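Encoded as structure tokens, the structure appears first; notes follow it.
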Amino acid sequence: MKDLFDYCKFGEFKLNSRIVRTGLWESEREKSGNFTPEIYDRYENLAASGVGLIITELFSLYPRDVFSKYSNTVNHVRFVREAKDLTDLVHDYGVPIFAQLGFVQFNKKTEQNIKIEDVTIEDIRKIQTDFIIAAQKFDYAGFDGIQIALGNYYFLTRFINPYFNKREDKYGGSTLNRLRIVLEIIKVIKNTTNLHINCRLNAFDIQKGGMTLEETIEIAKLLEKHGADSLQITRPRSPQYFSNENYGKKLLASACNDIIDNVDIPVIMGGGLKTQRQINNVLNKTKVDFISMQRPFVYDPSFLVDWQIEGDGEVKCRTCNNCYWKKTSTCFINPKAQLNVNPY
């Protein structure tokens with residue numbers, strides 16, 4: 001029988017549990033972009049909670065991106081030094097930490113939110129170079145891995161999606177061609193850093209002509225073949241996508257099963273589960289070995305400590321989604337968390 005608090009292996013890492021904490025927005029940074037004492041405190045609480053793996057809040061690749069003001073930046077002059085303090089702190093608890101990297105809009109001088117088909121080869125080389133430089137900074141800063149944002153509706157998500165990518169060159173058309181921009185990034189990161197590469201993917205899309213589960217499986221196989229070390233499978237768009245939450249969880253678990261059947265690298269199932277019992281049911285009734293959670297850690301970064309004591313825990317997060325919509329790393333319901341909210 002599997003249990004969420006099993007000591008287990010995730011690729012080259014030994015984890016303290018099967019729970020992966022995934023971050024989203026960072027609202028506690030200073031306006032100049034660097035880390036604050038509250039960020040270090042939160043990550044220490046996360047690392048001490050019994051979590052297996054930490055994936056950071058989004059690091060936005062570009063300063064003028066739509067989400068850049070809700071995220072930290074790798075371009076800050078003190079980033080490597082301050083991030084190294086953060087990774088050292090997390091490692092003191094025996095927990096690996098990955099840096100999540102992505103962007104939504106590609107802007108070039110006066111051209112804003114350039115369409116996929118209008119991105120030139122020179123633009124592609126710039127994007128790839130910027131990703132690789134960011135990955136090298138993560139490596140210098142002591143991160144164990146990088147999560148490349150290919151899920152939800154980030155730029156690279158759209159680039160690999162036939163609904164958005166109508167290119168007619170070697171970066172469009174077939175699944176391999178649409179994924180080429182990512183595979184070339186992965187190759188250089190593998191050759192120039194020691195980072196574990198995790199790719200976050202949508203299980204499927206909701207648009208007609210978009211990504212099907214069958215194509216996601218093909219992408220997963222290509223990512224593994226070209227060097228990706230693990231995958232995280234999520235649902236498209238916002239947490240509100242499924243009106244029937246239980247149906248959405250079953251659909252995602254089924255999709256993860258199919259993907260796991262086709263790859264030999266670790267696969268993390270995206271969140272939505274709310275109780276210790278639900279998580280253990282998924283772990284024991286499917287082939288899923290790792291579960292990610294985001295909003296419960298926003299409500300209380302240390303909730304897993306109580307779960308280990310109680311043995312039948314339930315998250316106190318009410319799924320109000322204010323942290324998602326208002327883009328903060330702190331909770332609007334938990335009175336203790338409200339004291340630290342730093343809205344923009």
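Ordering of the structure tokens sets the chain letters (A, B, ...); residue numbers start at 1 within each chain; ligands are numbered from 1 in the order shown.
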
- Message: Just want the 10 Å neighbourhood of Lys69 in chain A, counted on only C-alpha atoms, with same-chain residues fewer than 3 positions away dropped. Output as a ChimeraX atom specification.
- Response: /A:25-27,29,31,33,60,63-66,72-73,327,344

- Task: Find the spatial neighbours of range 249-261 of chain A, counting only C-alpha atoms, within a cut-off of 10 Å - ignore same-chain residues fewer than 5 positions away - and output them as number ranges by chain.
- Result: A: 202-204, 213-214, 216-221, 231-235, 242, 244, 266-273, 282-283, 285-289

Per residue of range 16-126 of chain A within 7 Å of range 298-303 of chain A, which atom pair is closest and at what distance in Å (one decimal), using only C-alpha atoms, listed by chain and increasing number, as a tab-separated table?
residue	atom	partner	partner_atom	distance
A:Arg42	CA	A:Pro301	CA	6.7
A:Asn45	CA	A:Ser302	CA	5.7
A:Leu46	CA	A:Pro301	CA	5.1
A:Ser49	CA	A:Ser302	CA	4.9

Counting only C-alpha atoms, which residues of range 149-221 of chain A fall within 8 Å of range 114-126 of chain A, and what is the closest atom pair for each with its distance in Å at one decimal, ordered by chain and rising number, as JSON lines?
{"residue": "A:Arg158", "atom": "CA", "partner": "A:Ile116", "partner_atom": "CA", "distance": 7.7}
{"residue": "A:Phe159", "atom": "CA", "partner": "A:Ile116", "partner_atom": "CA", "distance": 6.2}
{"residue": "A:Phe164", "atom": "CA", "partner": "A:Ile116", "partner_atom": "CA", "distance": 7.0}
{"residue": "A:Asn165", "atom": "CA", "partner": "A:Ile116", "partner_atom": "CA", "distance": 5.8}
{"residue": "A:Lys166", "atom": "CA", "partner": "A:Glu117", "partner_atom": "CA", "distance": 6.0}
{"residue": "A:Arg167", "atom": "CA", "partner": "A:Glu117", "partner_atom": "CA", "distance": 5.0}
{"residue": "A:Ile181", "atom": "CA", "partner": "A:Ile124", "partner_atom": "CA", "distance": 7.3}

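Pairwise distance (CA of Ala83 in chain A, CA of Val51 in chain A) equals 19.5 Å.
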
- Task: For CA of Asn198 in chain A and CA of Leu58 in chain A, quote the distance in Å rounded to one decimal.
- Result: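 It comes out at 13.7 Å.
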
- Can you list, as a VMD selection string, every residue of range 90-287 of chain A that DSSP puts in alpha helix (DSSP H)? chain A and resid 90 to 91 121 to 140 155 to 159 175 to 192 213 to 225 245 to 260 276 to 285

- Apply DSSP to the backbone of this structure and, from range 44-260 of chain A, keep only the residues in strand (DSSP E); write these as a PyMOL selection string. chain A and resi 53-60+72-73+97-102+145-150+196-202+230-234

- Shell around Ile309 in chain A at 12 Å using only C-alpha atoms, local window under 3 positions removed, as a PyMOL selection string: chain A and resi 5+49-50+276+303-306+312-313

Residues within 10 Å of Ile97 in chain A, only C-alpha atoms, excluding chain neighbours under 6 positions, as a PDB file with N, CA and C atoms, in the first residue's frame:
ATOM      1  N   VAL A  20       4.054  17.111  -3.808  1.00  0.00           N
ATOM      2  CA  VAL A  20       4.839  18.147  -4.478  1.00  0.00           C
ATOM      3  C   VAL A  20       4.120  19.474  -4.302  1.00  0.00           C
ATOM      4  N   ARG A  21       4.804  20.431  -3.745  1.00  0.00           N
ATOM      5  CA  ARG A  21       4.211  21.762  -3.635  1.00  0.00           C
ATOM      6  C   ARG A  21       4.532  22.543  -4.902  1.00  0.00           C
ATOM      7  N   ALA A  47       9.496  23.707   3.625  1.00  0.00           N
ATOM      8  CA  ALA A  47      10.504  22.652   3.661  1.00  0.00           C
ATOM      9  C   ALA A  47      10.390  21.800   4.914  1.00  0.00           C
ATOM     10  N   GLY A  52       7.539  16.620  -0.148  1.00  0.00           N
ATOM     11  CA  GLY A  52       8.585  15.869  -0.825  1.00  0.00           C
ATOM     12  C   GLY A  52       9.454  16.723  -1.731  1.00  0.00           C
ATOM     13  N   LEU A  53       8.822  17.583  -2.516  1.00  0.00           N
ATOM     14  CA  LEU A  53       9.501  18.412  -3.504  1.00  0.00           C
ATOM     15  C   LEU A  53       8.820  19.765  -3.550  1.00  0.00           C
ATOM     16  N   ILE A  54       9.613  20.831  -3.671  1.00  0.00           N
ATOM     17  CA  ILE A  54       9.069  22.183  -3.798  1.00  0.00           C
ATOM     18  C   ILE A  54       9.329  22.697  -5.207  1.00  0.00           C
ATOM     19  N   ILE A  55       8.274  23.179  -5.862  1.00  0.00           N
ATOM     20  CA  ILE A  55       8.401  23.918  -7.111  1.00  0.00           C
ATOM     21  C   ILE A  55       8.015  25.359  -6.807  1.00  0.00           C
ATOM     22  N   THR A  56       8.886  26.276  -7.140  1.00  0.00           N
ATOM     23  CA  THR A  56       8.717  27.669  -6.740  1.00  0.00           C
ATOM     24  C   THR A  56       7.513  28.329  -7.399  1.00  0.00           C
ATOM     25  N   LEU A  86      18.072  30.981  -0.412  1.00  0.00           N
ATOM     26  CA  LEU A  86      16.787  30.278  -0.357  1.00  0.00           C
ATOM     27  C   LEU A  86      16.969  28.771  -0.559  1.00  0.00           C
ATOM     28  N   THR A  87      17.728  28.389  -1.567  1.00  0.00           N
ATOM     29  CA  THR A  87      17.912  26.959  -1.831  1.00  0.00           C
ATOM     30  C   THR A  87      18.697  26.289  -0.704  1.00  0.00           C
ATOM     31  N   ASP A  88      19.671  26.989  -0.136  1.00  0.00           N
ATOM     32  CA  ASP A  88      20.408  26.432   1.009  1.00  0.00           C
ATOM     33  C   ASP A  88      19.463  26.167   2.175  1.00  0.00           C
ATOM     34  N   VAL A  90      16.201  25.550   2.088  1.00  0.00           N
ATOM     35  CA  VAL A  90      15.349  24.403   1.779  1.00  0.00           C
ATOM     36  C   VAL A  90      16.140  23.101   1.888  1.00  0.00           C
ATOM     37  N   HIS A  91      17.371  23.102   1.395  1.00  0.00           N
ATOM     38  CA  HIS A  91      18.192  21.890   1.421  1.00  0.00           C
ATOM     39  C   HIS A  91      18.541  21.457   2.840  1.00  0.00           C
ATOM     40  N   GLY A 142      21.797  27.129  -6.974  1.00  0.00           N
ATOM     41  CA  GLY A 142      21.619  25.932  -6.166  1.00  0.00           C
ATOM     42  C   GLY A 142      20.292  25.217  -6.337  1.00  0.00           C
ATOM     43  N   PHE A 143      19.482  25.625  -7.314  1.00  0.00           N
ATOM     44  CA  PHE A 143      18.241  24.887  -7.564  1.00  0.00           C
ATOM     45  C   PHE A 143      18.582  23.495  -8.090  1.00  0.00           C
ATOM     46  N   ASP A 144      17.751  22.536  -7.737  1.00  0.00           N
ATOM     47  CA  ASP A 144      17.965  21.158  -8.177  1.00  0.00           C
ATOM     48  C   ASP A 144      17.397  20.905  -9.562  1.00  0.00           C
ATOM     49  N   GLY A 145      16.445  21.712  -9.952  1.00  0.00           N
ATOM     50  CA  GLY A 145      15.814  21.494 -11.240  1.00  0.00           C
ATOM     51  C   GLY A 145      15.115  22.735 -11.740  1.00  0.00           C
ATOM     52  N   ILE A 146      14.623  22.629 -12.950  1.00  0.00           N
ATOM     53  CA  ILE A 146      13.845  23.696 -13.568  1.00  0.00           C
ATOM     54  C   ILE A 146      12.540  23.096 -14.065  1.00  0.00           C
TER      55      ILE A 146
END

- Message: For Thr129 in chain A, find every residue with an atom within 12 Å (counting only C-alpha atoms), except residues of its own chain fewer than 2 positions away, and show them as a list in words.
- Response: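 In the requested format, the answer is Leu61, Glu122, Asp123, Ile124, Arg125, Lys126, Ile127, Phe131, Ile132, Ile133, Ala134, Ala135, Gln136, Ile181, Val182, Glu184, Ile185, Ile186, Val188 and Ile189 of chain A.
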
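Between CA of Ser68 in chain A and CA of Phe103 in chain A the interatomic distance comes to 8.2 Å.
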